[in-house]
Amino acid sequence: MKAERLAERISVEVHLEEDHRAALARDVRLGLTMEPKELPPKYFYDERGSRLFEQITELEEYYPTRTERAILRDRGEEILAAAGDPSTLVELGSGSASKTRHLLDAMRRRECLGAYVPVDISPEITLETAESLVGEYEGLGVHCVVCDFERDLERIPPAPDGGLIAFLGGTIGNFYPDARREFLGRIAASLGERDMLLLGTDLIKERRRLEAAYDDSLGVTAEFNKNVLRVLNAQLGADFDPAAFEHVARYDDRAARMDIRLRSLCDQRVTLRGIDLEVTFDAAEEMRTEISCKFTRHRLEQVYASAGLRMCGWFPDPARDYALSLARRR
Ligand code: TRP
């Protein structure tokens, strides 16, 4: 196929008004002046952070990515049948769309494949993904929406005749309950009669396996966690010494979530020149960098209900480590 023919099947819209650095500065100032301190997880993913996260997904201990992939591969057609064979797949946080290909394959086998709408903050990755997909899937139209999907959800165009909105990777687990209810509620409000949400969630299991998934023996996760400090050094002129912090990953079984932190190894003072801020850390003081909520089917049904959604499909892997589920508007 000729290049211009492929390009005809790609369209792009970009909504990136707010300057990324201004948002970073505001979030970091807020987080570091809070008691206890906390950093927002979306800043893990600079180039090095994204590479480290790729490595995490390949670790023996980190089962979610490969388990979700296996469900999409083995049960993709079943999921699409339950979703009413949508012709449009919208994906929030699409990235390189590597797991998504299993869904697109299943759509092709069921002959409903029409359009793919990747929604992602990175224009480079989204375009690159679009270009390879139009080459791989004959006739597929790809409409890229470059935005922060949490902020710009309402701007994603509706699918003309039934769409599936995929939010994979267990990322919903990284929201606090209030923000989660609000976000799922906005998704519910944006769903048409025939649209459905496909959500990936990690499931509650033994503490030992959960904690190992977030504290691997090679130390990749520890490096990933500390990378957020390097991001602040580079973007905000901070002088964090990553070696002066240690990675902490604990499962909080009351809240059913992983609690991921950085613990200061000594009394220390850090200066963030770019935002004119100085903060001190006591020895052993902990700063949260991420939560990752774990679910059961029952708890997820409650989460859906509180956001105006109803579960209408449940697709765990055979070992029940992870599940994809379908939901529609109530
Ligand atoms: N969304 C991923 C998860 O909750 C992100 C993640 C994996 C993560 N390992 C981490 C975040 C370690 C911070 C630290 O599983």
# chains A, B, ... in the order shown; residues from 1 in each chain; ligands from 1
>>> closest_atom_pairs(of="chain A", to="ligand 1", cutoff="10 Å", atoms="only C-alpha atoms and all ligand atoms", output="Markdown table")
| residue | atom | partner | partner_atom_place_in_ligand_line | distance |
| --- | --- | --- | --- | --- |
| A:Pro41 | CA | ligand 1 | 11 (C) | 6.9 |
| A:Lys42 | CA | ligand 1 | 11 (C) | 9.1 |
| A:Phe44 | CA | ligand 1 | 13 (C) | 7.7 |
| A:Tyr45 | CA | ligand 1 | 11 (C) | 9.8 |
| A:Leu52 | CA | ligand 1 | 9 (N) | 9.6 |
| A:Phe53 | CA | ligand 1 | 7 (C) | 7.0 |
| A:Glu54 | CA | ligand 1 | 7 (C) | 9.8 |
| A:Ile56 | CA | ligand 1 | 9 (N) | 6.7 |
| A:Thr57 | CA | ligand 1 | 7 (C) | 7.9 |
| A:Tyr62 | CA | ligand 1 | 9 (N) | 7.8 |
| A:Tyr63 | CA | ligand 1 | 15 (O) | 9.3 |
| A:Pro64 | CA | ligand 1 | 15 (O) | 7.0 |
| A:Thr65 | CA | ligand 1 | 15 (O) | 8.5 |
| A:Leu168 | CA | ligand 1 | 1 (N) | 9.3 |
| A:Gly169 | CA | ligand 1 | 1 (N) | 6.2 |
| A:Gly170 | CA | ligand 1 | 1 (N) | 5.6 |
| A:Thr171 | CA | ligand 1 | 1 (N) | 4.5 |
| A:Ile172 | CA | ligand 1 | 1 (N) | 7.9 |
| A:Gly173 | CA | ligand 1 | 4 (O) | 6.1 |
| A:Asn174 | CA | ligand 1 | 4 (O) | 5.8 |
| A:Phe175 | CA | ligand 1 | 4 (O) | 9.6 |
| A:Thr201 | CA | ligand 1 | 4 (O) | 9.3 |
| A:Asp202 | CA | ligand 1 | 15 (O) | 7.9 |
| A:Leu210 | CA | ligand 1 | 15 (O) | 9.6 |
| A:Ala213 | CA | ligand 1 | 9 (N) | 7.2 |
| A:Tyr214 | CA | ligand 1 | 9 (N) | 5.3 |
| A:Asp215 | CA | ligand 1 | 12 (C) | 7.7 |
| A:Asp216 | CA | ligand 1 | 9 (N) | 9.6 |
| A:Val220 | CA | ligand 1 | 12 (C) | 8.9 |
| A:Thr221 | CA | ligand 1 | 12 (C) | 5.3 |
| A:Ala222 | CA | ligand 1 | 12 (C) | 7.4 |
| A:Glu223 | CA | ligand 1 | 14 (C) | 9.0 |
| A:Phe224 | CA | ligand 1 | 14 (C) | 6.4 |
| A:Asn225 | CA | ligand 1 | 14 (C) | 5.0 |
| A:Lys226 | CA | ligand 1 | 14 (C) | 8.8 |
| A:Asn227 | CA | ligand 1 | 14 (C) | 9.8 |
| A:Val228 | CA | ligand 1 | 13 (C) | 9.5 |
| A:His247 | CA | ligand 1 | 14 (C) | 8.8 |
| A:Val248 | CA | ligand 1 | 14 (C) | 9.2 |
| A:Ala249 | CA | ligand 1 | 14 (C) | 7.9 |
| A:Arg257 | CA | ligand 1 | 4 (O) | 9.3 |
| A:Met258 | CA | ligand 1 | 4 (O) | 8.0 |
| A:Asp259 | CA | ligand 1 | 14 (C) | 8.9 |
| A:Ile260 | CA | ligand 1 | 14 (C) | 6.0 |
| A:Arg261 | CA | ligand 1 | 14 (C) | 8.1 |
| A:Leu262 | CA | ligand 1 | 14 (C) | 9.8 |
| A:Arg288 | CA | ligand 1 | 13 (C) | 9.6 |
| A:Thr289 | CA | ligand 1 | 13 (C) | 6.7 |
| A:Glu290 | CA | ligand 1 | 13 (C) | 5.4 |
| A:Ile291 | CA | ligand 1 | 4 (O) | 7.0 |
| A:Ser292 | CA | ligand 1 | 4 (O) | 4.5 |
| A:Cys293 | CA | ligand 1 | 4 (O) | 7.4 |
| A:Lys294 | CA | ligand 1 | 4 (O) | 9.0 |
>>> residues_around(residues="Leu103 (chain A)", least_positions_apart="4", cutoff="7 Å", atoms="only C-alpha atoms", output="PyMOL selection string")
chain A and resi 72+76+107
>>> atom_distance(atom1="CA of Gly139 (chain A)", atom2="CA of Asp152 (chain A)")
28.0 Å
>>> closest_atom_pairs(of="region 180-267 of chain A", to="region 271-283 of chain A", cutoff="12 Å", atoms="only C-alpha atoms", output="CSV")
residue,atom,partner,partner_atom,distance
A:Leu229,CA,A:Leu272,CA,10.9
A:Arg230,CA,A:Leu272,CA,11.8
A:Val231,CA,A:Leu272,CA,11.6
A:Leu232,CA,A:Leu272,CA,7.9
A:Asn233,CA,A:Leu272,CA,7.6
A:Ala234,CA,A:Gly274,CA,9.7
A:Gln235,CA,A:Gly274,CA,7.8
A:Leu236,CA,A:Gly274,CA,4.5
A:Gly237,CA,A:Gly274,CA,5.1
A:Ala238,CA,A:Leu272,CA,3.9
A:Asp239,CA,A:Thr271,CA,5.9
A:Phe240,CA,A:Thr271,CA,7.7
A:Asp241,CA,A:Thr271,CA,10.9
A:Ala244,CA,A:Ala283,CA,9.7
A:Phe245,CA,A:Ala283,CA,9.6
A:Glu246,CA,A:Ala283,CA,11.1
A:Leu262,CA,A:Phe281,CA,10.9
A:Arg263,CA,A:Ala283,CA,8.0
A:Ser264,CA,A:Ala283,CA,5.5
A:Leu265,CA,A:Ala283,CA,5.3
A:Cys266,CA,A:Ala283,CA,3.9
A:Asp267,CA,A:Asp282,CA,4.3
>>> closest_residue(among="A:Ser87, A:Asp252, A:Ala7, A:Tyr43", to="Arg21 (chain A)", atoms="only C-alpha atoms")
A:Tyr43
>>> residues_around(residues="region 154-158 of chain A", least_positions_apart="5", cutoff="10 Å", atoms="only C-alpha atoms", output="VMD selection string")
chain A and resid 13 15 88 90 92 117 to 119 143 to 147 149 163 186 to 187 189 to 192 195
>>> write_last_selection(atoms="all heavy atoms", output="compact mmCIF listing (two decimals), in the first residue's frame")
# COMPACT_ATOMS: atom_id res chain seq x y z
N GLU A 13 -6.64 14.91 16.35
CA GLU A 13 -7.02 16.17 17.01
C GLU A 13 -6.19 16.30 18.29
O GLU A 13 -5.91 15.32 18.97
CB GLU A 13 -8.53 16.25 17.29
CG GLU A 13 -9.07 15.19 18.21
CD GLU A 13 -10.58 15.33 18.42
OE1 GLU A 13 -10.97 16.24 19.17
OE2 GLU A 13 -11.35 14.53 17.85
N HIS A 15 -5.57 18.41 21.94
CA HIS A 15 -6.06 19.35 22.97
C HIS A 15 -5.03 19.43 24.08
O HIS A 15 -5.13 18.71 25.06
CB HIS A 15 -7.37 18.85 23.59
CG HIS A 15 -8.41 18.50 22.57
ND1 HIS A 15 -9.12 19.45 21.89
CD2 HIS A 15 -8.86 17.31 22.12
CE1 HIS A 15 -9.97 18.86 21.06
NE2 HIS A 15 -9.82 17.56 21.18
N THR A 88 -16.32 0.53 16.70
CA THR A 88 -15.28 1.50 17.10
C THR A 88 -14.70 1.11 18.45
O THR A 88 -15.44 0.82 19.39
CB THR A 88 -15.88 2.92 17.22
OG1 THR A 88 -16.41 3.30 15.95
CG2 THR A 88 -14.82 3.93 17.64
N VAL A 90 -12.38 2.73 21.34
CA VAL A 90 -11.73 3.91 21.88
C VAL A 90 -10.83 3.42 23.01
O VAL A 90 -11.27 2.59 23.82
CB VAL A 90 -12.78 4.90 22.47
CG1 VAL A 90 -12.11 6.12 23.08
CG2 VAL A 90 -13.79 5.29 21.40
N LEU A 92 -8.42 4.68 26.23
CA LEU A 92 -7.87 5.74 27.07
C LEU A 92 -6.47 5.37 27.53
O LEU A 92 -6.28 4.32 28.14
CB LEU A 92 -8.78 5.96 28.30
CG LEU A 92 -10.25 6.24 28.01
CD1 LEU A 92 -11.03 6.43 29.31
CD2 LEU A 92 -10.41 7.46 27.10
N VAL A 117 -9.79 4.58 18.05
CA VAL A 117 -9.57 5.94 18.53
C VAL A 117 -8.63 5.91 19.73
O VAL A 117 -9.07 5.74 20.87
CB VAL A 117 -10.93 6.61 18.93
CG1 VAL A 117 -10.72 8.05 19.40
CG2 VAL A 117 -11.91 6.57 17.77
N PRO A 118 -7.32 6.02 19.48
CA PRO A 118 -6.38 6.04 20.60
C PRO A 118 -6.39 7.43 21.26
O PRO A 118 -6.35 8.44 20.56
CB PRO A 118 -5.03 5.75 19.94
CG PRO A 118 -5.17 6.25 18.54
CD PRO A 118 -6.63 6.09 18.17
N VAL A 119 -6.46 7.44 22.58
CA VAL A 119 -6.45 8.70 23.32
C VAL A 119 -5.24 8.68 24.23
O VAL A 119 -5.13 7.82 25.11
CB VAL A 119 -7.75 8.85 24.16
CG1 VAL A 119 -7.77 10.19 24.89
CG2 VAL A 119 -8.99 8.69 23.30
N HIS A 143 -8.45 7.44 14.41
CA HIS A 143 -8.59 8.85 14.77
C HIS A 143 -7.88 9.09 16.11
O HIS A 143 -8.34 8.62 17.14
CB HIS A 143 -10.07 9.23 14.87
CG HIS A 143 -10.26 10.67 15.22
ND1 HIS A 143 -9.90 11.69 14.36
CD2 HIS A 143 -10.73 11.27 16.33
CE1 HIS A 143 -10.15 12.85 14.93
NE2 HIS A 143 -10.65 12.62 16.14
N CYS A 144 -6.76 9.79 16.06
CA CYS A 144 -5.96 10.02 17.27
C CYS A 144 -6.50 11.23 18.04
O CYS A 144 -6.74 12.28 17.45
CB CYS A 144 -4.51 10.32 16.92
SG CYS A 144 -3.73 9.08 15.88
N VAL A 145 -6.68 11.08 19.33
CA VAL A 145 -7.04 12.22 20.17
C VAL A 145 -5.90 12.42 21.17
O VAL A 145 -5.71 11.61 22.09
CB VAL A 145 -8.37 11.99 20.90
CG1 VAL A 145 -8.76 13.24 21.69
CG2 VAL A 145 -9.48 11.63 19.92
N VAL A 146 -5.12 13.46 20.97
CA VAL A 146 -3.98 13.74 21.83
C VAL A 146 -4.45 14.70 22.93
O VAL A 146 -4.76 15.86 22.66
CB VAL A 146 -2.81 14.34 21.04
CG1 VAL A 146 -1.66 14.70 21.96
CG2 VAL A 146 -2.35 13.37 19.95
N CYS A 147 -4.56 14.18 24.14
CA CYS A 147 -5.02 15.02 25.26
C CYS A 147 -4.73 14.32 26.58
O CYS A 147 -4.26 13.18 26.59
CB CYS A 147 -6.54 15.27 25.13
SG CYS A 147 -7.54 13.80 25.42
N PHE A 149 -6.57 12.53 29.10
CA PHE A 149 -7.95 12.00 29.04
C PHE A 149 -8.73 12.28 30.32
O PHE A 149 -9.95 12.33 30.31
CB PHE A 149 -7.97 10.51 28.67
CG PHE A 149 -7.30 9.58 29.65
CD1 PHE A 149 -7.89 9.27 30.86
CD2 PHE A 149 -6.08 9.00 29.33
CE1 PHE A 149 -7.27 8.41 31.75
CE2 PHE A 149 -5.45 8.13 30.22
CZ PHE A 149 -6.05 7.85 31.43
N GLY A 163 -19.78 1.95 20.42
CA GLY A 163 -18.34 1.93 20.64
C GLY A 163 -18.00 1.23 21.94
O GLY A 163 -18.84 1.10 22.84
N ARG A 186 -18.18 10.35 34.89
CA ARG A 186 -18.06 11.11 33.63
C ARG A 186 -18.05 10.17 32.44
O ARG A 186 -18.61 10.47 31.39
CB ARG A 186 -16.79 11.96 33.67
CG ARG A 186 -16.92 13.18 34.57
CD ARG A 186 -15.57 13.83 34.82
NE ARG A 186 -14.97 14.34 33.60
CZ ARG A 186 -13.65 14.55 33.46
NH1 ARG A 186 -12.83 14.29 34.45
NH2 ARG A 186 -13.18 15.03 32.33
N ILE A 187 -17.40 9.01 32.61
CA ILE A 187 -17.44 8.02 31.52
C ILE A 187 -18.88 7.58 31.29
O ILE A 187 -19.37 7.55 30.17
CB ILE A 187 -16.53 6.81 31.82
CG1 ILE A 187 -15.07 7.24 31.78
CG2 ILE A 187 -16.80 5.67 30.83
CD1 ILE A 187 -14.06 6.12 31.98
N ALA A 189 -21.59 9.18 31.85
CA ALA A 189 -22.36 10.24 31.21
C ALA A 189 -22.05 10.33 29.72
O ALA A 189 -22.88 10.77 28.92
CB ALA A 189 -22.07 11.57 31.89
N SER A 190 -20.85 9.89 29.34
CA SER A 190 -20.47 10.01 27.93
C SER A 190 -20.88 8.78 27.11
O SER A 190 -20.78 8.79 25.88
CB SER A 190 -18.95 10.23 27.81
OG SER A 190 -18.28 8.99 27.99
N LEU A 191 -21.35 7.73 27.79
CA LEU A 191 -21.71 6.51 27.05
C LEU A 191 -23.09 6.65 26.42
O LEU A 191 -24.05 7.06 27.07
CB LEU A 191 -21.73 5.29 27.99
CG LEU A 191 -20.40 4.80 28.56
CD1 LEU A 191 -20.63 3.58 29.45
CD2 LEU A 191 -19.39 4.47 27.47
N GLY A 192 -23.20 6.29 25.15
CA GLY A 192 -24.50 6.23 24.49
C GLY A 192 -25.17 4.91 24.84
O GLY A 192 -24.56 4.03 25.47
N ASP A 195 -23.08 1.94 23.77
CA ASP A 195 -21.65 1.94 24.12
C ASP A 195 -21.40 1.16 25.40
O ASP A 195 -22.27 1.04 26.25
CB ASP A 195 -21.15 3.37 24.33
CG ASP A 195 -21.28 4.23 23.09
OD1 ASP A 195 -21.31 3.67 21.97
OD2 ASP A 195 -21.35 5.47 23.24
>>> closest_residue(among="A:Glu182, A:Glu91, A:Asp161, A:Glu124", to="Leu104 (chain A)", atoms="only C-alpha atoms")
A:Glu91
>>> residues_around(residues="Ile125 (chain A)", least_positions_apart="5", cutoff="9 Å", atoms="only C-alpha atoms", output="PyMOL selection string")
chain A and resi 94-96+120+130
